[in-house]
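Data block below; observations after.
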Number of protein chains: 2
Amino acid sequence: MIKVLIYEDNPQLREGLTMLIDGSDGFTVVASYKNCNSINAELEVWKPDVILMDIDMPGVNGIEGLKRVREMNQQVKVLMLTVFDDNKNVFEALKNGANGYLLKKTPPAKLLEYIGDVASGGAPMTSSIATQVLKMFSEIPQQANNEYNLSEREKQVLQLLVNGYSYKMIANDMFIAIDTVRSHIKKIYEKLQVNSKSEAVAKAFKDKII
Amino acid sequence: MIKVLIYEDNPQLREGLTMLIDGSDGFTVVASYKNCNSINAELEVWKPDVILMDIDMPGVNGIEGLKRVREMNQQVKVLMLTVFDDNKNVFEALKNGANGYLLKKTPPAKLLEYIGDVASGGAPMTSSIATQVLKMFSEIPQQANNEYNLSEREKQVLQLLVNGYSYKMIANDMFIAIDTVRSHIKKIYEKLQVNSKSEAVAKAFKDKII
DNA sequence: CTAAAATACACATAAATATGTGAAAATCGT
DNA sequence: ACGATTTTCACATATTTATGTGTATTTTAG
């Protein structure tokens with residue numbers, strides 16, 4: 001028996017969901033609430049397998065509710081419910097450990113299937129959500145990593161620059177003269193086409209050289 | 001009629017897929033190949049709606065094939081096929097604009113459903129892949145964004161430091177005296193707990209202040 | 001309203017950095 | 001084996017940065 005806990009502010013929808021899920025074999029709704037204000041205590045009491053979490057709720061919203069859940073419990077599956085598939089919320093929810101993301105217009109039969117799915121370790125998403133998720137991935141900037149042909153020693157020096165070391169400290173760290181550090185750094189600047197330490201550091205971060 | 005192009009090195013599987021898809025209403029396999037060596041030309045000739053792309057192929061593999069496709073065509077849907085759901089490949093494929101990702105053990109009926117799904121703009125994934133994708137998201141480091149309480153003006157100065165500006169340039173840019181720039185920067189260092197320009201720049205990147 | 005913070009500016013000095021020029025030994029690729 | 005690159009070091013100097021100490025408006029928050 002899969003124990004479901006529901007957070008949904010709309011009374012009609014909350015009742016509807018409870019009816020649907022409770023009336024189906026293998027599912028039981030242990031409780032349903034109109035907001036997440038006391039979610040941690042409720043989680044303690046009911047120990048659900050799956051939480052259906054509305055995104056848009058007055059007071060503590062679904063994302064915040066999800067965060068609170070994850071602070072104390074990594075096991076319970078959280079299925080996010082939303083009317084719109086808005087990009088920002090999807091990303092926030094997934095980052096914070098949601099196990100699935102459904103549109104409210106999902107047909108009842110599918111909804112039950114998805115709940116079963118998430119309970120057994122799956123990651124159900126409606127098609128439009130999945131498309132968005134993939135789009136997010138494709139928008140991840142490709143590793144810049146422009147080839148600057150830094151030599152080993154130059155990379156070491158740059159790494160230490162990034163760590164905030166002064167020339168003196170670098171010389172000490174690498175057992176070389178400070179003038180050698182200077183000549184390395186001059187070469188690094190040439191290769192990176194910059195002319196100050198902070199520019200080099202910035203470029204190292206931007207182009208993920210380090 | 002959905003036109004499908006298949007890339008799969010295993011002859012049995014290639015034939016099996018062709019049979020299955022070609023024998024189903026609404027689908028037609030326009031061609032099938034054992035590698036992606038000439039994929040660009042083949043794409044020109046066949047103009048498929050969906051490409052079924054095996055990941056593990058000798059010569060040009062599926063990821064590289066996907067890249068070649070995306071270089072010339074953003075419209076065609078690409079469904080990746082794999083035996084194992086290995087993390088690295090999933091990530092690479094999604095980053096490069098795959099439209100879906102299936103395990104080869106997907107049952108034939110589901111496979112057809114998924115092809116139709118992707119053709120109409122969906123993003124089919126088998127459950128285990130979706131779970132992985134969500135896991136990747138949850139592993140994205142939470143915005144560090146430690147609160148340093150930088151004032152507006154201080155943020156501006158820091159931004160310019162990150163851009164590689166000297167004090168003089170910053171003063172010019174912000175229409176203030178260079179001594180004012182100094183006093184801002186001193187305050188910034190206090191707040192970030194650093195004591196050099198490059199450390200501040202590094203911290204700005206690490207903590208995503210800018 | 002008032003204290004705290006932010007913004008602006010000035011002068012001084014020590015330390016660090018950028019730039020130039022030169023050169024020798026070690027390492028690498030062909 | 002030989003030329004190219006890397007790594008090492010030296011000396012000199014102009015510029016930039018870091019730090020200290022002060023002061024005077026202006027904004028902000030309680």
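By order in the structure tokens, chains are A, B, ...; within a chain, residues start at 1; ligands start at 1, following the order shown.
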
Practice item. Considering only C-alpha atoms, extract the chain A residues located within 10 Å of chain B and return them as a PyMOL selection string. Key: chain A and resi 91-100+117-118+121-142+161-166+194-206

Would you export the selected residues with C-alpha atoms as an mmCIF file, in the first residue's frame, please?
data_model
loop_
_atom_site.group_PDB
_atom_site.id
_atom_site.type_symbol
_atom_site.label_atom_id
_atom_site.label_comp_id
_atom_site.auth_asym_id
_atom_site.auth_seq_id
_atom_site.Cartn_x
_atom_site.Cartn_y
_atom_site.Cartn_z
ATOM 1 C CA PHE A 91 14.499 23.947 -12.576
ATOM 2 C CA GLU A 92 14.221 24.947 -8.934
ATOM 3 C CA ALA A 93 12.196 21.874 -8.076
ATOM 4 C CA LEU A 94 14.535 19.448 -9.825
ATOM 5 C CA LYS A 95 17.590 21.061 -8.276
ATOM 6 C CA ASN A 96 16.060 20.610 -4.872
ATOM 7 C CA GLY A 97 15.468 16.935 -5.307
ATOM 8 C CA ALA A 98 11.953 16.530 -6.660
ATOM 9 C CA ASN A 99 11.331 13.037 -7.990
ATOM 10 C CA GLY A 100 8.879 13.960 -10.688
ATOM 11 C CA ASP A 117 6.082 4.887 -10.884
ATOM 12 C CA VAL A 118 7.696 7.369 -8.526
ATOM 13 C CA GLY A 121 12.053 4.702 -7.992
ATOM 14 C CA GLY A 122 11.012 6.116 -11.355
ATOM 15 C CA ALA A 123 11.030 9.764 -12.337
ATOM 16 C CA PRO A 124 7.739 10.536 -14.002
ATOM 17 C CA MET A 125 7.374 13.702 -15.994
ATOM 18 C CA THR A 126 4.719 14.825 -18.350
ATOM 19 C CA SER A 127 5.958 15.133 -21.874
ATOM 20 C CA SER A 128 6.018 18.916 -21.900
ATOM 21 C CA ILE A 129 8.083 18.973 -18.718
ATOM 22 C CA ALA A 130 10.542 16.442 -20.093
ATOM 23 C CA THR A 131 10.939 18.556 -23.207
ATOM 24 C CA GLN A 132 11.761 21.541 -21.051
ATOM 25 C CA VAL A 133 14.243 19.594 -18.995
ATOM 26 C CA LEU A 134 16.038 18.513 -22.130
ATOM 27 C CA LYS A 135 16.034 22.050 -23.386
ATOM 28 C CA MET A 136 17.698 23.169 -20.178
ATOM 29 C CA PHE A 137 20.402 20.621 -20.711
ATOM 30 C CA SER A 138 21.063 21.717 -24.246
ATOM 31 C CA GLU A 139 21.395 25.264 -22.982
ATOM 32 C CA ILE A 140 24.245 24.332 -20.669
ATOM 33 C CA PRO A 141 27.198 26.153 -22.186
ATOM 34 C CA GLN A 142 29.636 23.792 -23.792
ATOM 35 C CA LEU A 161 47.450 32.982 -8.749
ATOM 36 C CA VAL A 162 43.824 31.877 -8.658
ATOM 37 C CA ASN A 163 44.335 30.786 -5.057
ATOM 38 C CA GLY A 164 45.297 34.356 -4.270
ATOM 39 C CA TYR A 165 49.023 33.815 -3.844
ATOM 40 C CA SER A 166 51.485 36.675 -4.267
ATOM 41 C CA VAL A 194 45.641 39.706 -20.658
ATOM 42 C CA ASN A 195 47.830 42.089 -18.727
ATOM 43 C CA SER A 196 46.963 41.851 -15.092
ATOM 44 C CA LYS A 197 46.666 39.239 -12.428
ATOM 45 C CA SER A 198 42.979 39.703 -11.894
ATOM 46 C CA GLU A 199 42.251 39.445 -15.599
ATOM 47 C CA ALA A 200 44.159 36.190 -15.689
ATOM 48 C CA VAL A 201 42.212 34.899 -12.703
ATOM 49 C CA ALA A 202 38.916 35.912 -14.280
ATOM 50 C CA LYS A 203 39.843 34.220 -17.546
ATOM 51 C CA ALA A 204 40.916 31.101 -15.692
ATOM 52 C CA PHE A 205 37.453 30.860 -14.191
ATOM 53 C CA LYS A 206 35.523 31.799 -17.308
#

Exercise for review: From a DSSP calculation on the backbone, collect every residue of stretch 53-93 of chain A in strand (DSSP E) and output the set as a PyMOL selection string.
Suggested key: chain A and resi 53-54+77-82

After superposing chain A onto chain B (least squares, all C-alpha atoms, pairing by order), export the transformed chain as a PDB file with C-alpha atoms, in the first residue's frame.
ATOM      1  CA  MET A   1       3.790   8.319 -42.096  1.00  0.00           C
ATOM      2  CA  ILE A   2       6.731   8.801 -39.762  1.00  0.00           C
ATOM      3  CA  LYS A   3      10.046   8.463 -41.578  1.00  0.00           C
ATOM      4  CA  VAL A   4      12.695   6.802 -39.437  1.00  0.00           C
ATOM      5  CA  LEU A   5      16.449   6.659 -40.048  1.00  0.00           C
ATOM      6  CA  ILE A   6      18.456   4.123 -38.068  1.00  0.00           C
ATOM      7  CA  TYR A   7      22.100   4.178 -36.958  1.00  0.00           C
ATOM      8  CA  GLU A   8      23.126   0.972 -35.240  1.00  0.00           C
ATOM      9  CA  ASP A   9      26.296  -1.047 -35.660  1.00  0.00           C
ATOM     10  CA  ASN A  10      24.932  -4.417 -34.581  1.00  0.00           C
ATOM     11  CA  PRO A  11      23.536  -6.065 -37.779  1.00  0.00           C
ATOM     12  CA  GLN A  12      21.000  -8.237 -35.932  1.00  0.00           C
ATOM     13  CA  LEU A  13      19.586  -5.359 -33.946  1.00  0.00           C
ATOM     14  CA  ARG A  14      19.616  -3.104 -37.005  1.00  0.00           C
ATOM     15  CA  GLU A  15      17.603  -5.649 -38.983  1.00  0.00           C
ATOM     16  CA  GLY A  16      15.316  -6.320 -36.062  1.00  0.00           C
ATOM     17  CA  LEU A  17      14.524  -2.667 -35.577  1.00  0.00           C
ATOM     18  CA  THR A  18      13.930  -2.171 -39.274  1.00  0.00           C
ATOM     19  CA  MET A  19      11.547  -5.130 -39.402  1.00  0.00           C
ATOM     20  CA  LEU A  20       9.650  -4.003 -36.354  1.00  0.00           C
ATOM     21  CA  ILE A  21       9.269  -0.371 -37.363  1.00  0.00           C
ATOM     22  CA  ASP A  22       8.712  -0.943 -41.081  1.00  0.00           C
ATOM     23  CA  GLY A  23       6.093  -3.552 -40.328  1.00  0.00           C
ATOM     24  CA  SER A  24       4.052  -1.190 -38.198  1.00  0.00           C
ATOM     25  CA  ASP A  25       1.286   1.084 -39.424  1.00  0.00           C
ATOM     26  CA  GLY A  26       2.289   4.703 -39.682  1.00  0.00           C
ATOM     27  CA  PHE A  27       6.025   4.052 -39.621  1.00  0.00           C
ATOM     28  CA  THR A  28       8.581   3.551 -42.341  1.00  0.00           C
ATOM     29  CA  VAL A  29      12.312   3.034 -42.154  1.00  0.00           C
ATOM     30  CA  VAL A  30      13.856   5.062 -44.955  1.00  0.00           C
ATOM     31  CA  ALA A  31      17.352   3.671 -44.406  1.00  0.00           C
ATOM     32  CA  SER A  32      19.658   2.175 -41.813  1.00  0.00           C
ATOM     33  CA  TYR A  33      23.409   2.479 -41.422  1.00  0.00           C
ATOM     34  CA  LYS A  34      26.072   0.890 -39.271  1.00  0.00           C
ATOM     35  CA  ASN A  35      27.858   4.151 -38.518  1.00  0.00           C
ATOM     36  CA  CYS A  36      27.505   7.925 -38.730  1.00  0.00           C
ATOM     37  CA  ASN A  37      30.433   8.539 -41.018  1.00  0.00           C
ATOM     38  CA  SER A  38      28.291  10.154 -43.738  1.00  0.00           C
ATOM     39  CA  ILE A  39      25.362  11.201 -41.625  1.00  0.00           C
ATOM     40  CA  ASN A  40      25.072  14.713 -43.012  1.00  0.00           C
ATOM     41  CA  ALA A  41      24.726  13.539 -46.591  1.00  0.00           C
ATOM     42  CA  GLU A  42      22.316  10.798 -45.547  1.00  0.00           C
ATOM     43  CA  LEU A  43      20.214  13.321 -43.680  1.00  0.00           C
ATOM     44  CA  GLU A  44      20.002  15.417 -46.835  1.00  0.00           C
ATOM     45  CA  VAL A  45      18.887  12.477 -48.909  1.00  0.00           C
ATOM     46  CA  TRP A  46      16.319  10.887 -46.617  1.00  0.00           C
ATOM     47  CA  LYS A  47      14.909  13.831 -44.674  1.00  0.00           C
ATOM     48  CA  PRO A  48      13.697  11.628 -41.812  1.00  0.00           C
ATOM     49  CA  ASP A  49      11.311  12.700 -39.047  1.00  0.00           C
ATOM     50  CA  VAL A  50      13.062  10.637 -36.407  1.00  0.00           C
ATOM     51  CA  ILE A  51      16.581   9.285 -36.097  1.00  0.00           C
ATOM     52  CA  LEU A  52      17.247   6.260 -33.918  1.00  0.00           C
ATOM     53  CA  MET A  53      20.836   6.679 -32.831  1.00  0.00           C
ATOM     54  CA  ASP A  54      22.908   4.065 -31.082  1.00  0.00           C
ATOM     55  CA  ILE A  55      25.373   5.588 -28.620  1.00  0.00           C
ATOM     56  CA  ASP A  56      28.129   3.022 -28.851  1.00  0.00           C
ATOM     57  CA  MET A  57      29.286   2.714 -32.422  1.00  0.00           C
ATOM     58  CA  PRO A  58      32.766   2.210 -33.843  1.00  0.00           C
ATOM     59  CA  GLY A  59      34.176   5.220 -35.656  1.00  0.00           C
ATOM     60  CA  VAL A  60      31.872   8.197 -35.226  1.00  0.00           C
ATOM     61  CA  ASN A  61      29.844   7.434 -32.115  1.00  0.00           C
ATOM     62  CA  GLY A  62      26.272   8.439 -31.393  1.00  0.00           C
ATOM     63  CA  ILE A  63      27.096  11.609 -29.477  1.00  0.00           C
ATOM     64  CA  GLU A  64      29.324  12.858 -32.258  1.00  0.00           C
ATOM     65  CA  GLY A  65      26.665  11.857 -34.769  1.00  0.00           C
ATOM     66  CA  LEU A  66      24.088  13.830 -32.810  1.00  0.00           C
ATOM     67  CA  LYS A  67      26.341  16.887 -32.846  1.00  0.00           C
ATOM     68  CA  ARG A  68      26.746  16.627 -36.616  1.00  0.00           C
ATOM     69  CA  VAL A  69      23.002  16.371 -37.042  1.00  0.00           C
ATOM     70  CA  ARG A  70      22.342  19.398 -34.864  1.00  0.00           C
ATOM     71  CA  GLU A  71      24.884  21.469 -36.723  1.00  0.00           C
ATOM     72  CA  MET A  72      22.724  21.378 -39.808  1.00  0.00           C
ATOM     73  CA  ASN A  73      19.243  20.449 -38.613  1.00  0.00           C
ATOM     74  CA  GLN A  74      17.369  21.442 -35.469  1.00  0.00           C
ATOM     75  CA  GLN A  75      14.047  19.984 -36.563  1.00  0.00           C
ATOM     76  CA  VAL A  76      14.667  16.266 -36.881  1.00  0.00           C
ATOM     77  CA  LYS A  77      13.983  14.346 -33.673  1.00  0.00           C
ATOM     78  CA  VAL A  78      16.835  12.246 -32.388  1.00  0.00           C
ATOM     79  CA  LEU A  79      16.161   9.289 -30.115  1.00  0.00           C
ATOM     80  CA  MET A  80      19.268   7.931 -28.453  1.00  0.00           C
ATOM     81  CA  LEU A  81      19.566   4.180 -27.885  1.00  0.00           C
ATOM     82  CA  THR A  82      21.913   2.598 -25.425  1.00  0.00           C
ATOM     83  CA  VAL A  83      22.547  -0.649 -23.647  1.00  0.00           C
ATOM     84  CA  PHE A  84      23.632   0.918 -20.406  1.00  0.00           C
ATOM     85  CA  ASP A  85      22.262   4.047 -18.842  1.00  0.00           C
ATOM     86  CA  ASP A  86      25.630   5.572 -18.167  1.00  0.00           C
ATOM     87  CA  ASN A  87      25.512   8.961 -16.624  1.00  0.00           C
ATOM     88  CA  LYS A  88      28.085  10.750 -18.715  1.00  0.00           C
ATOM     89  CA  ASN A  89      26.587   9.799 -22.054  1.00  0.00           C
ATOM     90  CA  VAL A  90      23.074  10.721 -20.976  1.00  0.00           C
ATOM     91  CA  PHE A  91      24.249  14.161 -19.980  1.00  0.00           C
ATOM     92  CA  GLU A  92      26.261  14.676 -23.147  1.00  0.00           C
ATOM     93  CA  ALA A  93      23.391  13.570 -25.343  1.00  0.00           C
ATOM     94  CA  LEU A  94      20.813  15.776 -23.640  1.00  0.00           C
ATOM     95  CA  LYS A  95      23.129  18.770 -23.705  1.00  0.00           C
ATOM     96  CA  ASN A  96      23.562  18.312 -27.411  1.00  0.00           C
ATOM     97  CA  GLY A  97      19.884  18.332 -28.134  1.00  0.00           C
ATOM     98  CA  ALA A  98      18.724  14.727 -28.082  1.00  0.00           C
ATOM     99  CA  ASN A  99      14.947  14.446 -27.948  1.00  0.00           C
ATOM    100  CA  GLY A 100      14.754  11.238 -25.996  1.00  0.00           C
ATOM    101  CA  TYR A 101      16.847   8.483 -24.525  1.00  0.00           C
ATOM    102  CA  LEU A 102      15.929   4.815 -24.487  1.00  0.00           C
ATOM    103  CA  LEU A 103      17.458   1.595 -23.284  1.00  0.00           C
ATOM    104  CA  LYS A 104      17.720  -1.053 -25.974  1.00  0.00           C
ATOM    105  CA  LYS A 105      15.871  -3.503 -23.802  1.00  0.00           C
ATOM    106  CA  THR A 106      12.737  -1.386 -24.192  1.00  0.00           C
ATOM    107  CA  PRO A 107       9.920  -3.725 -25.321  1.00  0.00           C
ATOM    108  CA  PRO A 108       8.967  -3.378 -29.016  1.00  0.00           C
ATOM    109  CA  ALA A 109       5.473  -2.066 -28.320  1.00  0.00           C
ATOM    110  CA  LYS A 110       6.849   0.638 -26.033  1.00  0.00           C
ATOM    111  CA  LEU A 111       9.524   1.495 -28.563  1.00  0.00           C
ATOM    112  CA  LEU A 112       6.937   2.237 -31.237  1.00  0.00           C
ATOM    113  CA  GLU A 113       4.959   4.291 -28.760  1.00  0.00           C
ATOM    114  CA  TYR A 114       8.067   6.276 -27.923  1.00  0.00           C
ATOM    115  CA  ILE A 115       8.929   6.905 -31.555  1.00  0.00           C
ATOM    116  CA  GLY A 116       5.442   8.234 -32.142  1.00  0.00           C
ATOM    117  CA  ASP A 117       5.799  10.257 -28.999  1.00  0.00           C
ATOM    118  CA  VAL A 118       9.030  11.939 -30.027  1.00  0.00           C
ATOM    119  CA  ALA A 119       7.727  12.565 -33.540  1.00  0.00           C
ATOM    120  CA  SER A 120       4.871  14.587 -32.064  1.00  0.00           C
ATOM    121  CA  GLY A 121       7.121  16.704 -29.854  1.00  0.00           C
ATOM    122  CA  GLY A 122       7.342  14.560 -26.733  1.00  0.00           C
ATOM    123  CA  ALA A 123      10.508  13.627 -24.895  1.00  0.00           C
ATOM    124  CA  PRO A 124      10.394   9.928 -24.187  1.00  0.00           C
ATOM    125  CA  MET A 125      12.760   8.456 -21.664  1.00  0.00           C
ATOM    126  CA  THR A 126      12.838   5.108 -20.037  1.00  0.00           C
ATOM    127  CA  SER A 127      12.203   5.286 -16.347  1.00  0.00           C
ATOM    128  CA  SER A 128      15.788   4.620 -15.338  1.00  0.00           C
ATOM    129  CA  ILE A 129      17.015   7.406 -17.602  1.00  0.00           C
ATOM    130  CA  ALA A 130      14.462   9.845 -16.231  1.00  0.00           C
ATOM    131  CA  THR A 131      15.574   8.994 -12.715  1.00  0.00           C
ATOM    132  CA  GLN A 132      19.137   9.779 -13.674  1.00  0.00           C
ATOM    133  CA  VAL A 133      18.170  13.039 -15.291  1.00  0.00           C
ATOM    134  CA  LEU A 134      16.394  14.109 -12.141  1.00  0.00           C
ATOM    135  CA  LYS A 135      19.369  13.103 -10.087  1.00  0.00           C
ATOM    136  CA  MET A 136      21.568  15.316 -12.227  1.00  0.00           C
ATOM    137  CA  PHE A 137      19.277  18.213 -11.556  1.00  0.00           C
ATOM    138  CA  SER A 138      19.326  17.692  -7.833  1.00  0.00           C
ATOM    139  CA  GLU A 139      23.103  17.671  -7.982  1.00  0.00           C
ATOM    140  CA  ILE A 140      23.213  21.156  -9.462  1.00  0.00           C
ATOM    141  CA  PRO A 141      24.796  23.200  -6.695  1.00  0.00           C
ATOM    142  CA  GLN A 142      22.333  25.526  -5.075  1.00  0.00           C
ATOM    143  CA  GLN A 143      23.045  29.129  -5.872  1.00  0.00           C
ATOM    144  CA  ALA A 144      25.738  29.969  -3.354  1.00  0.00           C
ATOM    145  CA  ASN A 145      25.119  33.691  -3.379  1.00  0.00           C
ATOM    146  CA  ASN A 146      26.303  34.147   0.156  1.00  0.00           C
ATOM    147  CA  GLU A 147      25.163  37.455   1.503  1.00  0.00           C
ATOM    148  CA  TYR A 148      28.054  39.836   1.762  1.00  0.00           C
ATOM    149  CA  ASN A 149      25.980  42.982   2.075  1.00  0.00           C
ATOM    150  CA  LEU A 150      27.921  44.819  -0.576  1.00  0.00           C
ATOM    151  CA  SER A 151      26.564  48.286  -1.142  1.00  0.00           C
ATOM    152  CA  GLU A 152      25.515  49.405  -4.606  1.00  0.00           C
ATOM    153  CA  ARG A 153      28.706  51.300  -5.185  1.00  0.00           C
ATOM    154  CA  GLU A 154      30.790  48.397  -3.935  1.00  0.00           C
ATOM    155  CA  LYS A 155      29.041  46.022  -6.308  1.00  0.00           C
ATOM    156  CA  GLN A 156      29.811  48.367  -9.195  1.00  0.00           C
ATOM    157  CA  VAL A 157      33.468  48.492  -8.239  1.00  0.00           C
ATOM    158  CA  LEU A 158      33.636  44.718  -7.895  1.00  0.00           C
ATOM    159  CA  GLN A 159      32.023  44.312 -11.290  1.00  0.00           C
ATOM    160  CA  LEU A 160      34.688  46.508 -12.844  1.00  0.00           C
ATOM    161  CA  LEU A 161      37.437  44.622 -11.018  1.00  0.00           C
ATOM    162  CA  VAL A 162      36.034  41.427 -12.501  1.00  0.00           C
ATOM    163  CA  ASN A 163      36.134  43.071 -15.922  1.00  0.00           C
ATOM    164  CA  GLY A 164      39.856  43.515 -15.434  1.00  0.00           C
ATOM    165  CA  TYR A 165      39.863  47.253 -14.814  1.00  0.00           C
ATOM    166  CA  SER A 166      42.707  48.927 -12.936  1.00  0.00           C
ATOM    167  CA  TYR A 167      42.018  51.366 -10.122  1.00  0.00           C
ATOM    168  CA  LYS A 168      42.703  54.220 -12.505  1.00  0.00           C
ATOM    169  CA  MET A 169      40.210  52.944 -15.055  1.00  0.00           C
ATOM    170  CA  ILE A 170      37.577  52.395 -12.392  1.00  0.00           C
ATOM    171  CA  ALA A 171      38.035  55.924 -11.117  1.00  0.00           C
ATOM    172  CA  ASN A 172      37.615  57.198 -14.636  1.00  0.00           C
ATOM    173  CA  ASP A 173      34.606  55.054 -15.314  1.00  0.00           C
ATOM    174  CA  MET A 174      32.809  56.011 -12.124  1.00  0.00           C
ATOM    175  CA  PHE A 175      33.856  59.668 -12.079  1.00  0.00           C
ATOM    176  CA  ILE A 176      35.457  59.430  -8.643  1.00  0.00           C
ATOM    177  CA  ALA A 177      38.975  59.882  -7.319  1.00  0.00           C
ATOM    178  CA  ILE A 178      41.332  56.953  -7.329  1.00  0.00           C
ATOM    179  CA  ASP A 179      41.571  57.184  -3.569  1.00  0.00           C
ATOM    180  CA  THR A 180      37.847  56.662  -3.369  1.00  0.00           C
ATOM    181  CA  VAL A 181      38.247  53.553  -5.457  1.00  0.00           C
ATOM    182  CA  ARG A 182      40.858  52.408  -2.996  1.00  0.00           C
ATOM    183  CA  SER A 183      38.590  52.908  -0.013  1.00  0.00           C
ATOM    184  CA  HIS A 184      35.754  51.063  -1.749  1.00  0.00           C
ATOM    185  CA  ILE A 185      38.031  48.179  -2.553  1.00  0.00           C
ATOM    186  CA  LYS A 186      39.353  48.028   0.964  1.00  0.00           C
ATOM    187  CA  LYS A 187      35.775  47.746   2.188  1.00  0.00           C
ATOM    188  CA  ILE A 188      35.011  45.064  -0.373  1.00  0.00           C
ATOM    189  CA  TYR A 189      37.999  43.030   0.777  1.00  0.00           C
ATOM    190  CA  GLU A 190      36.799  43.279   4.368  1.00  0.00           C
ATOM    191  CA  LYS A 191      33.330  42.104   3.438  1.00  0.00           C
ATOM    192  CA  LEU A 192      34.526  39.265   1.229  1.00  0.00           C
ATOM    193  CA  GLN A 193      37.304  38.419   3.664  1.00  0.00           C
ATOM    194  CA  VAL A 194      40.048  38.480   1.056  1.00  0.00           C
ATOM    195  CA  ASN A 195      43.118  40.611   0.571  1.00  0.00           C
ATOM    196  CA  SER A 196      43.891  40.801  -3.088  1.00  0.00           C
ATOM    197  CA  LYS A 197      42.183  41.721  -6.288  1.00  0.00           C
ATOM    198  CA  SER A 198      42.394  38.289  -7.796  1.00  0.00           C
ATOM    199  CA  GLU A 199      40.961  36.666  -4.691  1.00  0.00           C
ATOM    200  CA  ALA A 200      38.049  39.062  -4.853  1.00  0.00           C
ATOM    201  CA  VAL A 201      37.516  38.258  -8.519  1.00  0.00           C
ATOM    202  CA  ALA A 202      37.656  34.532  -7.832  1.00  0.00           C
ATOM    203  CA  LYS A 203      35.169  34.861  -4.986  1.00  0.00           C
ATOM    204  CA  ALA A 204      32.881  36.957  -7.152  1.00  0.00           C
ATOM    205  CA  PHE A 205      32.738  34.127  -9.656  1.00  0.00           C
ATOM    206  CA  LYS A 206      32.490  31.298  -7.155  1.00  0.00           C
ATOM    207  CA  ASP A 207      29.732  32.893  -5.129  1.00  0.00           C
ATOM    208  CA  LYS A 208      28.037  34.356  -8.176  1.00  0.00           C
ATOM    209  CA  ILE A 209      28.034  37.810  -6.704  1.00  0.00           C
ATOM    210  CA  ILE A 210      28.365  39.304 -10.121  1.00  0.00           C
TER     211      ILE A 210
END

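Taking only C-alpha atoms (C1' of nucleotides) into account, C:DA23 lies nearest to D:DA10 out of the set D:DA10, D:DA24, D:DA29, D:DA18.
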
Per residue of chain D within 8 Å of chain A, record the nearest atom pair and its distance in Å to one decimal, counting only C-alpha atoms (C1' of nucleotides), with rows in chain order and ascending residue number, as JSON lines.
{"residue": "D:DT6", "atom": "C1'", "partner": "A:Ser151", "partner_atom": "CA", "distance": 7.8}
{"residue": "D:DT8", "atom": "C1'", "partner": "A:Thr180", "partner_atom": "CA", "distance": 6.2}
{"residue": "D:DC9", "atom": "C1'", "partner": "A:Thr180", "partner_atom": "CA", "distance": 6.2}
{"residue": "D:DA10", "atom": "C1'", "partner": "A:Asp179", "partner_atom": "CA", "distance": 7.5}

Residues just named, written with C-alpha atoms (C1' of nucleotides) as a compact mmCIF listing (two decimals), in the first residue's frame:
# COMPACT_ATOMS: atom_id res chain seq x y z
C1' DT D 6 60.42 25.40 -21.43
C1' DT D 8 65.29 28.96 -14.66
C1' DC D 9 67.42 33.35 -12.92
C1' DA D 10 69.02 38.54 -12.83

**Study point:** For atom C1' of C:DA12 and atom C1' of D:DG20, the interatomic separation in Å (one decimal)
**Key:** 8.8 Å
